[in-house]
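Undergrad: Quick one: this structure, given as structure tokens, is what I'll be asking you about.
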Amino acid sequence: MHDLREWLPAHEWSSRHHRVVAAPVAVSARCILDLEDSDMPVTRALMGARQLPARFAARGAGSGAGPGSADGYASVEPDPPSSERMRRLGFVVLRESDEPGVGVSAGFVGRPWQLTLKSAVVRGLDPASFLAFDESGYIKAVTSMWAEPRHDGTSRLMTGTYIHATDREAARRFGRYWLAIKAFSGLTRMDMLRGIARRAEREAVAAAATTSAGPAGAAGSSRTADPAAGTGPADPIATDGPTPVTADPARPGNTP
């Protein structure tokens, strides 16, 4: 079982999403690391909207920053790998592996209610300093994405997030922030899972086609990569509603 408490033992909010993928778990696990911006049209649009305040501020200051560069997200690479994308946003990559059940885990320390991402994120942390961070006025979050096998040879993509406020004031501020963005946060999680699933299912179908074209014929194809199964999983998305694990009224809502 993937346990985010390894990186964030105390948390007040949590959320989980999952999606069944018509591909073997090894393929799904690898595709988590291969996820590109072009696989996530919804996330790209929402991130662009999130960066608008920084772009306007940069334009007003006459910095000459190019489109999309004001908040540290865009770069010369149109499709950076998952871990590099997280680092540019200020996340600390805690673990990264293409092994099933491991995937990518990243930590965030900051004040997401700030106007711009640049001012919202504490940068320059490593895994050890992330674990030790306990200054007042911030939130700490861990988000993880991994793949698990299913009994029928297909796989399930999982994503989970834990979040902890370092004091009551940070909890109060984050609670208001969450009320404004919780629906969009869920959309980005589902968009990421959908992008990984599509990539994994394409690879599985291509592998099955290659196998069936060989000397062994159709008998050599994988059950989980049967092209006749299509690219849409039977139960594509299921969401565990984000459930607060505290009754503290100063900490309303849940985390993205």
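Residue numbers start at 1 in each chain; chains themselves are named A, B, ... in the order of the structure tokens; ligands are numbered from 1 in the order shown.
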Which residues are near Trp113 in chain A? Cut-off 10 Å, only C-alpha atoms, ignore same chain within fewer than 3 positions. Put them as a PyMOL selection string.
TA: chain A and resi 110+116-117+119-120+170+173-178+180
Undergrad: Can I get the selection written as an mmCIF file, in the first residue's frame, with all heavy atoms?
TA:
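Saved result, result-v8.cif, follows:
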```cif
data_model
loop_
_atom_site.group_PDB
_atom_site.id
_atom_site.type_symbol
_atom_site.label_atom_id
_atom_site.label_comp_id
_atom_site.auth_asym_id
_atom_site.auth_seq_id
_atom_site.Cartn_x
_atom_site.Cartn_y
_atom_site.Cartn_z
ATOM 1 N N GLY A 110 4.606 26.115 1.163
ATOM 2 C CA GLY A 110 4.341 27.479 0.732
ATOM 3 C C GLY A 110 3.060 28.044 1.275
ATOM 4 O O GLY A 110 2.486 27.543 2.252
ATOM 5 N N THR A 116 0.746 35.097 -6.698
ATOM 6 C CA THR A 116 1.540 34.446 -7.739
ATOM 7 C C THR A 116 2.214 33.204 -7.193
ATOM 8 O O THR A 116 2.507 33.101 -5.999
ATOM 9 C CB THR A 116 2.622 35.389 -8.301
ATOM 10 O OG1 THR A 116 3.598 35.643 -7.283
ATOM 11 C CG2 THR A 116 2.003 36.701 -8.765
ATOM 12 N N LEU A 117 2.469 32.250 -8.077
ATOM 13 C CA LEU A 117 3.151 31.030 -7.658
ATOM 14 C C LEU A 117 4.545 31.325 -7.130
ATOM 15 O O LEU A 117 5.016 30.680 -6.194
ATOM 16 C CB LEU A 117 3.250 30.066 -8.841
ATOM 17 C CG LEU A 117 1.968 29.338 -9.246
ATOM 18 C CD1 LEU A 117 2.211 28.532 -10.514
ATOM 19 C CD2 LEU A 117 1.476 28.440 -8.130
ATOM 20 N N SER A 119 5.653 33.806 -5.409
ATOM 21 C CA SER A 119 5.626 34.245 -4.017
ATOM 22 C C SER A 119 4.991 33.216 -3.096
ATOM 23 O O SER A 119 5.105 33.311 -1.888
ATOM 24 C CB SER A 119 4.861 35.567 -3.897
ATOM 25 O OG SER A 119 3.509 35.401 -4.321
ATOM 26 N N ALA A 120 4.342 32.201 -3.687
ATOM 27 C CA ALA A 120 3.616 31.221 -2.873
ATOM 28 C C ALA A 120 4.470 30.041 -2.456
ATOM 29 O O ALA A 120 4.119 29.323 -1.528
ATOM 30 C CB ALA A 120 2.404 30.714 -3.648
ATOM 31 N N ALA A 170 -2.470 29.582 9.180
ATOM 32 C CA ALA A 170 -2.289 28.983 7.860
ATOM 33 C C ALA A 170 -3.480 28.096 7.501
ATOM 34 O O ALA A 170 -3.926 28.072 6.348
ATOM 35 C CB ALA A 170 -0.997 28.172 7.835
ATOM 36 N N ARG A 173 -6.356 30.403 6.391
ATOM 37 C CA ARG A 173 -6.129 30.960 5.067
ATOM 38 C C ARG A 173 -6.284 29.891 3.984
ATOM 39 O O ARG A 173 -6.887 30.135 2.935
ATOM 40 C CB ARG A 173 -4.733 31.580 4.982
ATOM 41 C CG ARG A 173 -4.598 32.890 5.752
ATOM 42 C CD ARG A 173 -3.171 33.393 5.693
ATOM 43 N NE ARG A 173 -3.017 34.676 6.332
ATOM 44 C CZ ARG A 173 -3.120 35.852 5.699
ATOM 45 N NH1 ARG A 173 -3.367 35.870 4.396
ATOM 46 N NH2 ARG A 173 -2.968 36.978 6.356
ATOM 47 N N PHE A 174 -5.744 28.717 4.250
ATOM 48 C CA PHE A 174 -5.857 27.665 3.257
ATOM 49 C C PHE A 174 -7.321 27.231 3.076
ATOM 50 O O PHE A 174 -7.757 26.916 1.962
ATOM 51 C CB PHE A 174 -5.020 26.449 3.638
ATOM 52 C CG PHE A 174 -5.163 25.330 2.646
ATOM 53 C CD1 PHE A 174 -4.511 25.374 1.427
ATOM 54 C CD2 PHE A 174 -5.983 24.249 2.923
ATOM 55 C CE1 PHE A 174 -4.672 24.362 0.492
ATOM 56 C CE2 PHE A 174 -6.140 23.233 2.003
ATOM 57 C CZ PHE A 174 -5.485 23.279 0.784
ATOM 58 N N GLY A 175 -8.077 27.217 4.157
ATOM 59 C CA GLY A 175 -9.480 26.843 4.048
ATOM 60 C C GLY A 175 -10.242 27.747 3.089
ATOM 61 O O GLY A 175 -11.039 27.271 2.276
ATOM 62 N N ARG A 176 -10.016 29.044 3.174
ATOM 63 C CA ARG A 176 -10.675 29.971 2.246
ATOM 64 C C ARG A 176 -10.194 29.756 0.819
ATOM 65 O O ARG A 176 -10.988 29.781 -0.133
ATOM 66 C CB ARG A 176 -10.402 31.414 2.679
ATOM 67 C CG ARG A 176 -11.053 31.818 3.980
ATOM 68 C CD ARG A 176 -11.194 33.332 4.054
ATOM 69 N NE ARG A 176 -9.914 33.994 3.899
ATOM 70 C CZ ARG A 176 -9.201 34.500 4.895
ATOM 71 N NH1 ARG A 176 -9.641 34.401 6.153
ATOM 72 N NH2 ARG A 176 -8.063 35.117 4.675
ATOM 73 N N TYR A 177 -8.905 29.537 0.672
ATOM 74 C CA TYR A 177 -8.328 29.300 -0.655
ATOM 75 C C TYR A 177 -8.930 28.044 -1.286
ATOM 76 O O TYR A 177 -9.287 28.037 -2.471
ATOM 77 C CB TYR A 177 -6.813 29.163 -0.513
ATOM 78 C CG TYR A 177 -6.091 28.711 -1.752
ATOM 79 C CD1 TYR A 177 -5.817 29.594 -2.797
ATOM 80 C CD2 TYR A 177 -5.660 27.385 -1.874
ATOM 81 C CE1 TYR A 177 -5.143 29.176 -3.933
ATOM 82 C CE2 TYR A 177 -4.985 26.962 -3.003
ATOM 83 C CZ TYR A 177 -4.729 27.862 -4.033
ATOM 84 O OH TYR A 177 -4.063 27.437 -5.152
ATOM 85 N N TRP A 178 -9.068 27.001 -0.489
ATOM 86 C CA TRP A 178 -9.586 25.748 -1.006
ATOM 87 C C TRP A 178 -11.017 25.884 -1.506
ATOM 88 O O TRP A 178 -11.403 25.282 -2.503
ATOM 89 C CB TRP A 178 -9.484 24.678 0.061
ATOM 90 C CG TRP A 178 -10.134 23.381 -0.330
ATOM 91 C CD1 TRP A 178 -11.147 22.747 0.295
ATOM 92 C CD2 TRP A 178 -9.788 22.557 -1.452
ATOM 93 N NE1 TRP A 178 -11.483 21.594 -0.357
ATOM 94 C CE2 TRP A 178 -10.651 21.451 -1.439
ATOM 95 C CE3 TRP A 178 -8.845 22.671 -2.470
ATOM 96 C CZ2 TRP A 178 -10.608 20.455 -2.406
ATOM 97 C CZ3 TRP A 178 -8.799 21.671 -3.435
ATOM 98 C CH2 TRP A 178 -9.668 20.586 -3.394
ATOM 99 N N ALA A 180 -12.228 28.221 -3.029
ATOM 100 C CA ALA A 180 -12.205 28.855 -4.347
ATOM 101 C C ALA A 180 -11.687 27.934 -5.444
ATOM 102 O O ALA A 180 -12.096 28.061 -6.606
ATOM 103 C CB ALA A 180 -11.351 30.128 -4.296
#
```
Undergrad: Quick one: residues within 10 Å of Ser97 in chain A, only C-alpha atoms, excluding same-chain residues fewer than 2 positions away - as a short mmCIF file (atom, residue, chain, number, x, y, z; two decimals) with C-alpha atoms, in the first residue's frame?
TA:
```cif
data_model
loop_
_atom_site.label_atom_id
_atom_site.label_comp_id
_atom_site.auth_asym_id
_atom_site.auth_seq_id
_atom_site.Cartn_x
_atom_site.Cartn_y
_atom_site.Cartn_z
CA ALA A 29 3.98 2.93 -14.26
CA ARG A 30 6.42 3.93 -16.97
CA ILE A 32 3.63 8.25 -15.29
CA LEU A 33 7.21 9.42 -15.81
CA ARG A 95 10.79 9.79 -5.05
CA GLU A 99 8.44 0.53 -10.69
CA PRO A 100 4.80 -0.41 -10.11
CA GLY A 101 3.55 0.86 -6.77
CA VAL A 102 6.27 3.53 -6.50
CA GLY A 103 5.76 6.23 -9.13
CA VAL A 104 6.43 9.88 -8.35
CA SER A 105 6.06 11.62 -4.99
CA TRP A 146 1.54 5.48 -8.88
#
```
Undergrad: Using Å and a single decimal, report how far CA of Tyr138 in chain A sits from CA of Met158 in chain A.
TA: 26.5 Å
Undergrad: Could you name the residues that touch Glu135 in chain A at 12 Å or less, counting only C-alpha atoms, but leaving out those on the same chain fewer than 2 positions away, as number ranges by chain?
TA: A: 109-111, 122, 129-133, 137-140, 164-167, 170
Undergrad: In Å, rounded to a single decimal, give me how far CA of Ser28 in chain A is from CA of Ser155 in chain A.
TA: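 Computing the Euclidean distance for CA of Ser155 in chain A and CA of Ser28 in chain A yields 7.1 Å.
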Undergrad: Just to confirm, what's the straight-line distance from CA of Glu12 in chain A to CA of Gly90 in chain A in Å (one decimal)?
TA: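 Between CA of Glu12 in chain A and CA of Gly90 in chain A the gap works out to 21.7 Å.
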Undergrad: Identify, on the basis of only C-alpha atoms, every residue whose closest approach to Asp3 in chain A does not exceed 10 Å; exclude the query and any residue fewer than 4 positions from it along the same chain; express the result as a PyMOL selection string.
TA: chain A and resi 7-9+144+160
Undergrad: Which of these residues is nearest to Leu157 in chain A, using only C-alpha atoms: A:Pro112, A:Gly124, A:Gly186, A:Gly195?
TA: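 Comparing A:Pro112, A:Gly124, A:Gly186, A:Gly195 against Leu157 in chain A, the winner is A:Gly195.
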Undergrad: Name the residues in contact with Val92 in chain A at a cut-off of 8 Å, using only C-alpha atoms, excluding same-chain residues fewer than 5 positions from it; report them as number ranges by chain.
TA: A: 86-87, 106-108, 125-127, 130
Undergrad: As number ranges by chain, please: the residues near Arg189 in chain A (cut-off 8 Å, only C-alpha atoms, same-chain neighbours under 3 positions excluded).
TA: A: 17, 159, 185-186, 192-193
Undergrad: Which residue gives the smallest distance to Leu89 in chain A among A:Lys118, A:Arg199, A:His11, A:Arg5, with only C-alpha atoms counted?
TA: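 For Leu89 in chain A, the nearest of the given residues is A:Lys118.
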Undergrad: Restricting the calculation to only C-alpha atoms: of A:Thr188, A:Cys31, A:Ala141, A:Leu179, which residue gets closest to Thr161 in chain A?
TA: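 Of A:Thr188, A:Cys31, A:Ala141, A:Leu179, the one nearest Thr161 in chain A, counting only C-alpha atoms, is A:Ala141.
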Undergrad: Based on the backbone DSSP call, show me all residues of range 141-227 of chain A assigned strand (DSSP E or B), as a list of chain:residue names.
TA: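 So, restricting range 141-227 of chain A to strand (DSSP E or B), we get A:Ala141, A:Val142, A:Thr143, A:Ser144, A:Met145, A:Trp146, A:Ala147, A:Glu148, A:Pro149, A:Ser155, A:Arg156, A:Leu157, A:Met158, A:Thr159, A:Gly160, A:Thr161, A:Tyr162, A:Ile163, A:His164, A:Ala165.
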Undergrad: Write a file of the just-selected residues containing N, CA and C atoms, as a short mmCIF file (atom, residue, chain, number, x, y, z; two decimals), in the first residue's frame.
TA:
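This went into selection37.cif:
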```
data_model
loop_
_atom_site.label_atom_id
_atom_site.label_comp_id
_atom_site.auth_asym_id
_atom_site.auth_seq_id
_atom_site.Cartn_x
_atom_site.Cartn_y
_atom_site.Cartn_z
N ALA A 141 2.51 20.01 1.74
CA ALA A 141 1.68 19.04 1.02
C ALA A 141 2.56 18.00 0.36
N VAL A 142 2.05 16.81 0.29
CA VAL A 142 2.69 15.73 -0.47
C VAL A 142 1.67 15.20 -1.46
N THR A 143 2.07 15.11 -2.70
CA THR A 143 1.21 14.51 -3.72
C THR A 143 1.97 13.39 -4.40
N SER A 144 1.27 12.32 -4.71
CA SER A 144 1.93 11.15 -5.27
C SER A 144 1.05 10.53 -6.34
N MET A 145 1.69 9.89 -7.32
CA MET A 145 0.99 9.20 -8.38
C MET A 145 1.69 7.88 -8.65
N TRP A 146 0.93 6.79 -8.70
CA TRP A 146 1.54 5.48 -8.88
C TRP A 146 0.55 4.55 -9.57
N ALA A 147 1.02 3.39 -9.98
CA ALA A 147 0.20 2.40 -10.67
C ALA A 147 0.19 1.09 -9.89
N GLU A 148 -0.98 0.46 -9.84
CA GLU A 148 -1.14 -0.82 -9.15
C GLU A 148 -1.74 -1.84 -10.11
N PRO A 149 -1.38 -3.12 -9.96
CA PRO A 149 -1.94 -4.16 -10.83
C PRO A 149 -3.37 -4.51 -10.43
N SER A 155 -4.48 -2.37 -15.10
CA SER A 155 -3.86 -1.64 -13.99
C SER A 155 -4.75 -0.51 -13.53
N ARG A 156 -4.40 0.03 -12.40
CA ARG A 156 -5.13 1.16 -11.85
C ARG A 156 -4.14 2.27 -11.51
N LEU A 157 -4.38 3.46 -12.07
CA LEU A 157 -3.59 4.63 -11.72
C LEU A 157 -4.17 5.27 -10.47
N MET A 158 -3.31 5.64 -9.56
CA MET A 158 -3.73 6.23 -8.30
C MET A 158 -3.03 7.57 -8.09
N THR A 159 -3.74 8.52 -7.53
CA THR A 159 -3.11 9.75 -7.09
C THR A 159 -3.68 10.14 -5.73
N GLY A 160 -2.80 10.58 -4.86
CA GLY A 160 -3.23 10.98 -3.52
C GLY A 160 -2.49 12.23 -3.07
N THR A 161 -3.14 13.00 -2.23
CA THR A 161 -2.55 14.22 -1.70
C THR A 161 -2.86 14.34 -0.21
N TYR A 162 -1.85 14.64 0.57
CA TYR A 162 -2.01 14.97 1.99
C TYR A 162 -1.55 16.41 2.19
N ILE A 163 -2.19 17.10 3.10
CA ILE A 163 -1.79 18.48 3.37
C ILE A 163 -1.87 18.79 4.86
N HIS A 164 -0.91 19.58 5.32
CA HIS A 164 -0.80 19.93 6.74
C HIS A 164 -0.51 21.42 6.87
N ALA A 165 -1.25 22.08 7.74
CA ALA A 165 -1.00 23.49 8.04
C ALA A 165 -0.13 23.58 9.30
#
```
